Amino acid sequence: MADKPIMRDPMDSEEAKAMDRDNSQVCVLCKESFVGWGNNPEPLAKYEEGVCCDQCDMDKVIPQRIKEHNNGGQI
């Protein structure tokens with residue numbers, strides 16, 4: 001049986017890590033620096049203003065969306 005090639009995560013390379021360091025952003029909600037794509041901060045901030053970090057998305061944005069959904073869109 002032939003050996004299978006080892007699959008490596010392309011984001012685990014030194015080049016990807018360096019690229020991540022260069023692609024830091026600032027969260028529009030908490031103003032902290034983060035690395036990654038970011039998340040749509042609406043309804044707490046306009047997407048045109050920027051993106052939010054994963055922590056704010058989980059702690060602030062998603063609960064607010066659920067709250068608004070459960071209230072029929074009313075705040």
# chains A, B, ... in the order shown; residues from 1 in each chain; ligands from 1
>>> residues_around(residues="Lys31 (chain A)", least_positions_apart="5", cutoff="12 Å", atoms="only C-alpha atoms", output="list in words")
Gln25, Val26, Gly50, Val51, Cys52, Cys53, Gln55 and Cys56 of chain A
>>> select_by_dssp(residues="region 13-74 of chain A", states="helix (DSSP H, G or I)", output="PyMOL selection string")
chain A and resi 14-22+47-49+54-70
>>> atom_distance(atom1="CA of Phe34 (chain A)", atom2="CA of Glu48 (chain A)")
17.9 Å
>>> closest_residue(among="A:Asn70, A:Asn23, A:Asp57, A:Arg65", to="Pro41 (chain A)", atoms="only C-alpha atoms")
A:Asp57
>>> atom_distance(atom1="CA of Gly36 (chain A)", atom2="CA of Ile66 (chain A)")
24.1 Å
>>> residues_around(residues="Pro43 (chain A)", least_positions_apart="5", cutoff="10 Å", atoms="only C-alpha atoms", output="ChimeraX atom specification")
/A:60-62,64-65,68
>>> write_last_selection(atoms="C-alpha atoms", output="CSV table (one decimal), in the first residue's frame")
chain,number,residue,atom,x,y,z
A,60,LYS,CA,-23.0,41.5,21.5
A,61,VAL,CA,-24.1,41.2,17.9
A,62,ILE,CA,-25.7,37.8,17.8
A,64,GLN,CA,-28.9,41.6,19.8
A,65,ARG,CA,-30.0,40.0,16.5
A,68,GLU,CA,-34.7,41.9,17.7
>>> atom_distance(atom1="CA of Lys67 (chain A)", atom2="CA of Lys46 (chain A)")
17.8 Å
